[in-house]
Structures are given as C-alpha cells and as structure tokens.
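Dropping query-v5.txt in here (compact mmCIF, C-alpha atoms and all ligand atoms):
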```txt
# COMPACT_ATOMS: atom_id res chain seq x y z
CA MET V 219 40.69 6.62 -22.49
CA LYS V 220 39.91 2.94 -22.27
CA THR V 221 43.57 2.18 -21.62
CA LEU V 222 43.76 4.83 -18.93
CA VAL V 223 40.70 3.44 -17.18
CA ALA V 224 42.07 -0.07 -17.48
CA VAL V 225 45.37 0.99 -15.89
CA ALA V 226 43.74 2.98 -13.09
CA PHE V 227 41.15 0.41 -12.22
CA GLY V 228 42.92 -2.74 -13.34
CA VAL V 229 43.48 -3.78 -9.75
CA VAL V 230 39.73 -4.13 -9.20
CA ALA V 231 39.67 -7.15 -11.43
CA THR V 232 42.20 -8.97 -9.27
CA SER V 233 41.29 -11.64 -6.75
CA SER V 234 39.95 -10.84 -3.31
CA LEU V 235 43.26 -12.11 -1.92
CA VAL V 236 45.13 -9.37 -3.73
CA ALA V 237 42.43 -6.89 -2.76
CA ALA V 238 42.94 -7.92 0.86
CA SER V 239 46.65 -7.13 0.63
CA PHE V 240 45.80 -3.70 -0.76
CA ALA V 241 43.37 -3.26 2.11
CA ASP V 242 46.20 -4.04 4.53
CA LYS V 243 48.40 -1.41 2.90
CA SER V 244 45.70 1.24 3.16
CA ALA V 245 44.59 0.24 6.67
CA GLY V 246 47.00 2.56 8.47
CA LYS V 247 45.48 5.60 6.81
CA SER V 248 41.85 4.49 7.09
CA VAL V 249 39.33 6.34 9.20
CA PRO V 250 37.18 3.93 11.29
CA PRO V 251 33.50 3.76 10.22
CA ALA V 252 32.16 5.42 13.40
CA GLU V 253 34.52 8.38 13.05
CA ALA V 254 33.77 8.67 9.33
CA ILE V 255 30.03 8.92 9.90
CA GLN V 256 30.58 11.44 12.69
CA ARG V 257 32.58 13.64 10.28
CA LEU V 258 29.73 13.50 7.77
CA LYS V 259 27.09 14.29 10.40
CA GLU V 260 29.07 17.27 11.68
CA GLY V 261 29.74 18.52 8.15
CA ASN V 262 26.08 18.26 7.18
CA GLY V 263 25.17 20.10 10.38
CA ARG V 264 27.46 22.99 9.38
CA PHE V 265 26.02 23.04 5.85
CA GLU V 266 22.42 22.88 7.03
CA GLY V 267 23.06 25.71 9.50
CA ASP V 268 24.70 27.85 6.78
CA MET V 269 28.00 27.61 8.68
CA ALA V 270 29.96 25.63 6.07
CA GLU V 271 33.73 25.90 6.46
CA LYS V 272 34.45 24.68 2.91
CA PRO V 273 37.58 22.93 4.24
CA ARG V 274 40.57 21.46 2.43
CA ALA V 275 39.94 23.21 -0.89
CA HIS V 276 43.13 25.33 -0.93
CA GLU V 277 46.36 25.02 -2.87
CA ALA V 278 48.29 23.14 -0.16
CA ARG V 279 45.57 20.48 0.05
CA ARG V 280 45.50 20.24 -3.74
CA ARG V 281 49.24 19.53 -3.77
CA GLU V 282 48.93 17.08 -0.86
CA VAL V 283 46.23 14.92 -2.45
CA ALA V 284 47.94 15.03 -5.83
CA LYS V 285 50.51 12.68 -4.23
CA GLY V 286 47.87 10.15 -3.19
CA GLN V 287 44.30 9.84 -1.99
CA HIS V 288 42.80 8.27 1.13
CA PRO V 289 39.11 9.24 1.03
CA PHE V 290 37.51 8.50 4.41
CA ALA V 291 34.13 7.62 2.89
CA SER V 292 32.77 6.28 -0.37
CA VAL V 293 29.45 7.76 -1.50
CA ILE V 294 26.97 6.37 -4.03
CA THR V 295 24.51 9.10 -4.87
CA CYS V 296 22.15 10.46 -7.50
CA ALA V 297 23.38 12.61 -10.38
CA ASP V 298 20.87 15.35 -9.47
CA SER V 299 22.45 18.81 -9.90
CA ARG V 300 20.98 20.08 -6.62
CA LEU V 301 23.06 17.73 -4.53
CA SER V 302 26.84 17.61 -4.20
CA PRO V 303 28.32 15.34 -1.48
CA GLU V 304 31.34 17.58 -0.89
CA LEU V 305 29.08 20.60 -0.39
CA ILE V 306 26.31 19.03 1.71
CA PHE V 307 28.81 17.22 3.99
CA ASP V 308 31.15 20.24 4.03
CA GLN V 309 34.21 18.23 2.97
CA GLY V 310 37.17 19.02 0.75
CA LEU V 311 39.47 17.60 -1.89
CA GLY V 312 40.40 13.97 -1.30
CA ASP V 313 37.83 13.41 1.46
CA LEU V 314 35.05 11.59 -0.40
CA PHE V 315 35.14 9.01 -3.19
CA VAL V 316 31.91 9.71 -5.06
CA THR V 317 30.17 7.60 -7.68
CA ARG V 318 26.94 8.93 -9.16
CA VAL V 319 24.09 7.65 -11.26
CA ALA V 320 20.52 8.93 -11.46
CA GLY V 321 18.54 7.12 -8.76
CA ASN V 322 21.63 6.13 -6.67
CA THR V 323 21.59 2.48 -7.69
CA PHE V 324 24.52 0.58 -9.16
CA GLY V 325 25.75 -1.74 -11.86
CA LYS V 326 29.08 -3.54 -12.11
CA ASP V 327 30.96 -0.36 -13.03
CA ILE V 328 29.82 1.57 -9.98
CA LEU V 329 30.20 -1.43 -7.66
CA GLY V 330 33.74 -1.92 -8.96
CA SER V 331 34.47 1.76 -8.32
CA VAL V 332 33.24 1.45 -4.73
CA GLU V 333 35.33 -1.70 -4.26
CA TYR V 334 38.35 0.26 -5.52
CA SER V 335 37.75 2.98 -2.91
CA VAL V 336 37.47 0.35 -0.19
CA ALA V 337 40.10 -2.22 -1.13
CA VAL V 338 42.73 0.09 -2.61
CA LEU V 339 42.15 3.57 -1.15
CA GLY V 340 41.08 2.50 2.33
CA SER V 341 37.55 3.91 2.71
CA ARG V 342 35.80 2.16 5.61
CA LEU V 343 32.36 3.76 5.25
CA VAL V 344 30.07 3.39 2.23
CA VAL V 345 27.17 5.84 2.08
CA VAL V 346 24.13 5.33 -0.13
CA LEU V 347 22.62 8.78 -0.46
CA GLY V 348 19.20 9.36 -1.98
CA HIS V 349 17.32 12.65 -2.00
CA ARG V 350 13.78 13.95 -1.85
CA LYS V 351 12.01 14.87 -5.11
CA CYS V 352 14.22 12.40 -7.02
CA GLY V 353 13.17 12.43 -10.68
CA ALA V 354 14.60 8.96 -11.33
CA VAL V 355 12.51 7.41 -8.54
CA ASP V 356 9.50 9.37 -9.74
CA ALA V 357 10.06 7.93 -13.23
CA ALA V 358 10.27 4.41 -11.77
CA LEU V 359 6.89 5.00 -10.14
CA GLY V 360 5.51 5.43 -13.64
CA HIS V 361 4.95 9.15 -13.54
CA SER V 362 7.11 9.65 -16.63
CA HIS V 363 5.83 8.00 -19.77
CA ASN V 364 7.57 6.80 -22.89
CA LEU V 365 11.08 7.25 -21.55
CA PRO V 366 13.45 7.59 -24.51
CA GLY V 367 16.90 6.20 -25.23
CA SER V 368 18.76 4.44 -22.40
CA ILE V 369 16.74 6.05 -19.60
CA PRO V 370 14.70 2.85 -18.92
CA ALA V 371 17.97 1.08 -18.02
CA VAL V 372 18.59 3.68 -15.29
CA VAL V 373 15.05 3.33 -13.95
CA ALA V 374 14.97 -0.51 -13.93
CA PRO V 375 17.10 -1.04 -10.75
CA ILE V 376 14.68 1.25 -8.85
CA LYS V 377 11.69 -1.01 -9.62
CA PRO V 378 12.25 -3.38 -6.63
CA ALA V 379 11.78 -0.38 -4.31
CA VAL V 380 8.58 0.53 -6.17
CA LYS V 381 7.20 -2.95 -5.43
CA LEU V 382 7.82 -2.42 -1.70
CA THR V 383 5.61 0.67 -1.52
CA THR V 384 2.47 -0.44 -3.38
CA ARG V 385 0.33 0.01 -0.24
CA VAL V 386 1.64 3.47 0.64
CA PRO V 387 -0.87 6.31 0.01
CA LYS V 388 -0.17 8.26 -3.17
CA ALA V 389 0.77 11.47 -1.35
CA GLN V 390 3.57 9.73 0.58
CA ARG V 391 4.61 7.20 -2.02
CA LEU V 392 7.47 9.11 -3.66
CA ASP V 393 9.15 9.78 -0.30
CA ALA V 394 8.59 6.17 0.83
CA THR V 395 10.01 4.77 -2.42
CA ILE V 396 13.07 7.02 -2.14
CA VAL V 397 13.79 5.56 1.33
CA GLU V 398 13.17 1.97 0.17
CA ASN V 399 15.41 2.54 -2.85
CA VAL V 400 18.26 3.52 -0.50
CA ARG V 401 17.60 0.39 1.59
CA VAL V 402 17.53 -1.87 -1.49
CA THR V 403 20.88 -0.46 -2.66
CA MET V 404 22.37 -0.85 0.84
CA LYS V 405 21.34 -4.52 0.98
CA ARG V 406 22.57 -5.25 -2.54
CA ILE V 407 26.12 -4.00 -1.90
CA PRO V 408 27.38 -6.75 0.49
CA ARG V 409 25.33 -9.35 -1.40
CA GLU V 410 26.97 -8.53 -4.72
CA SER V 411 30.44 -7.57 -3.47
CA LYS V 412 32.41 -10.27 -1.65
CA ILE V 413 35.13 -7.73 -0.82
CA ILE V 414 32.66 -5.47 0.98
CA GLY V 415 30.55 -8.31 2.44
CA ASP V 416 33.62 -9.95 4.03
CA MET V 417 34.84 -6.66 5.52
CA MET V 418 31.38 -5.96 6.97
CA LYS V 419 31.33 -9.41 8.62
CA LYS V 420 34.66 -8.61 10.26
CA GLY V 421 33.32 -5.27 11.50
CA GLN V 422 35.89 -3.36 9.43
CA LEU V 423 33.43 -1.51 7.24
CA ARG V 424 29.90 -0.13 7.44
CA VAL V 425 27.31 0.62 4.76
CA VAL V 426 24.88 3.36 5.78
CA GLY V 427 22.07 5.16 3.99
CA GLY V 428 20.63 8.64 4.01
CA VAL V 429 18.12 10.87 2.28
CA TYR V 430 19.00 14.50 1.53
CA ASP V 431 16.31 17.17 1.72
CA LEU V 432 16.77 19.67 -1.12
CA GLU V 433 15.10 22.48 0.83
CA THR V 434 16.47 22.15 4.37
CA GLY V 435 19.91 20.79 3.40
CA ALA V 436 19.59 18.08 6.08
CA VAL V 437 20.48 14.42 5.59
CA THR V 438 18.13 12.02 7.41
CA TRP V 439 19.88 8.73 8.11
CA VAL V 440 18.01 5.60 7.06
CA LYS V 441 17.72 2.64 9.42
ZN ZN R 1 17.68 11.86 -8.02
```

Just give me the structure as structure tokens.
Ligand SMILES: [Zn+2]
Amino acid sequence: MKTLVAVAFGVVATSSLVAASFADKSAGKSVPPAEAIQRLKEGNGRFEGDMAEKPRAHEARRREVAKGQHPFASVITCADSRLSPELIFDQGLGDLFVTRVAGNTFGKDILGSVEYSVAVLGSRLVVVLGHRKCGAVDAALGHSHNLPGSIPAVVAPIKPAVKLTTRVPKAQRLDATIVENVRVTMKRIPRESKIIGDMMKKGQLRVVGGVYDLETGAVTWVK
C-alpha cells in the first residue's frame, strides 16, 4: 500500500517548478474558478430543493473517468456521515477531489493531496466545507471530556478558531466557531502551500469556504 501511495502521489514531493509544468499540462482541461463555484452553487440548489439530478454516475461516465480525472474542484471537508460533497453539490464521478478529516482542517498529508488535485489534476477551486452541529468543533470547545486515543490530535488544529470566539454568547458559540474554523483553514492553505499561494496571486485559483446545514441541505458561503 505504501508503495502504491508513493507511486500515485510521488509527484507531490517534486519542486514547484515541476508542479508548474504539470499545471500547464492540466490547464487546458481546467474549469475557471468562477465557473467552478457556479456549478457548485447550482448543484447545491438542486439538492436543497429536492431536485437532484445525480449526474455523471452511469457506466459511460465510469469508463470515461477511468482513463483520467480532471476534477473541477477540490474539497476539504469533515468526515461527518451526514455530509457527502458529491450528494450535496449534486455532482458525479470525477467531478470533485475530496479530502476529509473530522473538523475540516489539514495536516501535511491532506495539504499534499489538495496540491496534487491542483498541480497535477487541474482543479482551480479549493473549497473548505464545514457544517453545522460539527462534533469535532464541539469537542474543541471543550464539550467533550477525556478524549481517548488520537482524537486530541484531530481537535488541536480547531483550537485557533476556538480562541477567536471567546466573546460569543454560549448559545451562538458553536455556530460561530464552525465559521471561524472554516476561515482559519482557508487562510492557512495559501500560507502553507507555495503552489496554491502562487496560483492565487496570479488569479488562477480561488479558495472559498462554506458551511453546510444538515437540516436544510443548504451551503452558506463564508466571506
Ligand atoms: Zn464535523
């Protein structure tokens, strides 16, 4: 397995120069950021209105993407079972490159995966998607005690968002921290990824954030 991962993702470890040449190769098949976000907004509108088309999930699409993938957006989201990017944005096979960890934060492995989707596969939109009633954010707020095993390591990157909401009334604090946690992750991406930071400066790529409502199905975009 390790060898397979190393082969598939080996290119991530290369220099930004090499990454740039990969970006050039994928550029012709890239969807511009504005169009990518429009597709997601329209798809979420269909899902929210119970009019999902469930597109590009048939045999022909399966065979098409087996030859190669060009996902139009890269999504970092929570592992929560009540949220699936392909479902809530009404997209199909090969449309979204999704990396998930409870609390929609990232470490080197997830950041490298996002860089792969951008530099090699041609995604020009990175979405950080949080959701209401997030248990990981709730845990970071200290509502879960004596977290066992490796769970504290998942909660730790959410702590900076917790610090930003100390003055928010208790009743609104979970929602406010969820939004701040999306913003913190959005800001960290270009700061910690030169590949993504450079492309953002050139206007070639956008990082956007949203919060999904488990009950209504709507994504509210974060400014
Ligand atoms: Zn969550």

*Go through V:Gly340, V:Pro289, V:Gly367, V:Gly267 one by one, measure the shortest atom-to-atom distance of each to Val316 of chain V using all atoms listed in the file, and give the residue with the smallest value.*
V:Pro289

_At most 9 Å from ligand ZN 1 (chain R) (only C-alpha atoms and all ligand atoms): residue list as a ChimeraX atom specification_ = /V:295-301,319-322,348-356,396

*Skip Ser341 of chain V itself and residues of its chain fewer than 6 positions away, then list as a VMD selection string all residues within 6 Å of it, counting all atoms listed in the file.*
chain V and resid 289 to 291 335

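Between Asp327 of chain V and the candidates V:Ala275, V:Ile369, V:Ile294, V:Leu343, the tightest atom-to-atom separation, counting all atoms listed in the file, involves V:Ile294.
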
_Exercise: residues within 8 Å of coordinate (30.5, 19.7, 6.8), counting only C-alpha atoms, as a PyMOL selection string_ = chain V and resi 257-265+270-272+305-309

Kindly reconstruct segment 363-374 of chain V with N, CA and C atoms and present the result as a short mmCIF file (atom, residue, chain, number, x, y, z; two decimals), in the coordinates of the input.
```cif
data_model
loop_
_atom_site.label_atom_id
_atom_site.label_comp_id
_atom_site.auth_asym_id
_atom_site.auth_seq_id
_atom_site.Cartn_x
_atom_site.Cartn_y
_atom_site.Cartn_z
N HIS V 363 6.23 8.98 -18.76
CA HIS V 363 5.83 8.00 -19.77
C HIS V 363 6.74 8.05 -20.98
N ASN V 364 6.80 6.91 -21.64
CA ASN V 364 7.57 6.80 -22.89
C ASN V 364 8.99 7.33 -22.75
N LEU V 365 9.70 6.80 -21.77
CA LEU V 365 11.08 7.25 -21.55
C LEU V 365 11.94 6.89 -22.76
N PRO V 366 12.67 7.86 -23.30
CA PRO V 366 13.45 7.59 -24.51
C PRO V 366 14.85 7.04 -24.23
N GLY V 367 15.49 6.58 -25.28
CA GLY V 367 16.90 6.20 -25.23
C GLY V 367 17.22 5.15 -24.17
N SER V 368 18.29 5.40 -23.41
CA SER V 368 18.76 4.44 -22.40
C SER V 368 18.18 4.73 -21.02
N ILE V 369 17.28 5.68 -20.92
CA ILE V 369 16.74 6.05 -19.60
C ILE V 369 16.04 4.86 -18.90
N PRO V 370 15.31 4.00 -19.62
CA PRO V 370 14.70 2.85 -18.92
C PRO V 370 15.71 1.98 -18.17
N ALA V 371 16.95 1.89 -18.68
CA ALA V 371 17.97 1.08 -18.02
C ALA V 371 18.37 1.68 -16.67
N VAL V 372 18.27 3.01 -16.55
CA VAL V 372 18.59 3.68 -15.29
C VAL V 372 17.45 3.47 -14.29
N VAL V 373 16.24 3.44 -14.81
CA VAL V 373 15.05 3.33 -13.95
C VAL V 373 14.84 1.89 -13.45
N ALA V 374 15.24 0.90 -14.25
CA ALA V 374 14.97 -0.51 -13.93
C ALA V 374 15.43 -0.94 -12.53
#
```
